[in-house]
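Enquirer: Pasting a structure below so you can have a look.
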Amino acid sequence: MRPYEHYKSVPEMAETIGHKKRKPRLMAVVDEDSCTGCQVCIPYCPVDCIETVPKEKYGIPIPPVQIRFNECIGCQICAKVCTKLTWDAIRMLPTEEFENIYDYKID
Ligand code: SF4
Ligand code: SF4
């Protein structure tokens with residue numbers, strides 16, 4: 001495989017920011033221990049719901065990112081971007097499983 005072919009499956013960056021219209025089937029969850037805090041995923045999110053964890057939480061210079069779960073549309077773009085361009089720190093969970101594990105209700 002030529003080196004650039006690796007990048008062909010990287011999703012396009014969103015040109016406009018949208019918003020959630022229905023309850024998603026999947027939910028993006030960042031593994032904070034694996035996330036490098038590189039922020040590469042942030043501009044790819046089509047609903048702009050990825051943000052950095054507040055610095056005070058861990059007291060480290062480069063904190064991981066987190067998802068505002070109730071805004072996520074489950075598009076998987078961030079997970080693909082993280083896997084293709086940086087690390088592999090975002091898992092997509094079925095929404096029902098997410099709600100059970102985290103005891104958090106998604107609208
Ligand atoms: S691209 Fe991956 S490693 Fe980088 S901030 Fe996003 S989740 Fe973390
Ligand atoms: S799956 Fe990722 S990119 Fe898509 S809406 Fe959720 S946080 Fe944003």
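Quick note on naming: the chains in the structure tokens go A, B, ... in the order shown, residues restart at 1 in each chain, and ligands are numbered from 1 in order of appearance.
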Check which residues fall inside 12 Å of ligand 1 when counting only C-alpha atoms and all ligand atoms, and print them as a VMD selection string.

Expert: chain A and resid 10 28 to 45 49 to 53 62 to 67 76 to 92

Enquirer: Using DSSP on the backbone coordinates, identify the residues of chain A assigned to strand (DSSP E); present them as a VMD selection string.

Expert: chain A and resid 26 to 30 50 to 52 65 to 67 90 to 94

Enquirer: A:Ile60, A:Met13, A:Cys75, A:Met27: which is nearest Leu93 of chain A, counting only C-alpha atoms?

Expert: A:Met27

Enquirer: Which of segment 27-89 of chain A counts as helix (DSSP H, G or I) under DSSP, as a list in words please?

Expert: Ile42, Pro43, Tyr44, Lys55, Glu56, Lys57, Tyr58, Phe69, Asn70, Glu71, Ile77, Cys78, Ala79, Lys80, Val81, Cys82, Thr83, Lys84 and Leu85 of chain A

Enquirer: For ligand 2, which residue out of A:Glu56, A:Asp107, A:Glu97, A:Glu71 is the nearest one, using only C-alpha atoms and all ligand atoms?

Expert: A:Glu71

Enquirer: Using only C-alpha atoms, which residues sit within 10 Å of Pro94 of chain A once same-chain residues fewer than 5 positions away are excluded, as a PyMOL selection string?

Expert: chain A and resi 24-28+74+99

Enquirer: Rank A:His6, A:Lys23, A:Arg68, A:Lys105 by their smallest atom-to-atom distance to ligand 2, using only C-alpha atoms and all ligand atoms, and report the top residue only.

Expert: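 Using only C-alpha atoms and all ligand atoms, the shortest distance to ligand 2 belongs to A:Arg68.
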
Enquirer: Rounded to one decimal place, report the atom CA of Thr95 of chain A-atom 8 (Fe, counted along the ligand's line) of ligand 2 distance in Å.

Expert: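 Taking atom CA of Thr95 of chain A and atom 8 (Fe, counted along the ligand's line) of ligand 2, their separation equals 14.0 Å.
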
Enquirer: To one decimal in Å, tell me the separation between atom CA of Val47 of chain A and atom 8 (Fe, counted along the ligand's line) of ligand 2.

Expert: 5.8 Å

Enquirer: Of the candidates A:Lys57, A:Ser9, A:Asn70, A:Ile101, which one gets nearest to ligand 2 if we count only C-alpha atoms and all ligand atoms?

Expert: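 Selected residue with least distance to ligand 2: A:Asn70.
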
Enquirer: Distance atom CA of Cys72 of chain A-atom 7 (S, counted along the ligand's line) of ligand 2, one decimal place?

Expert: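 Here the two named atoms are 5.0 Å from each other.
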
Enquirer: Ranking A:Asp103, A:Glu96, A:Pro46, A:Lys8 by minimum distance to Ile73 of chain A and counting only C-alpha atoms, which one comes first?

Expert: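 Going through A:Asp103, A:Glu96, A:Pro46, A:Lys8 one by one, the smallest distance to Ile73 of chain A is for A:Pro46.
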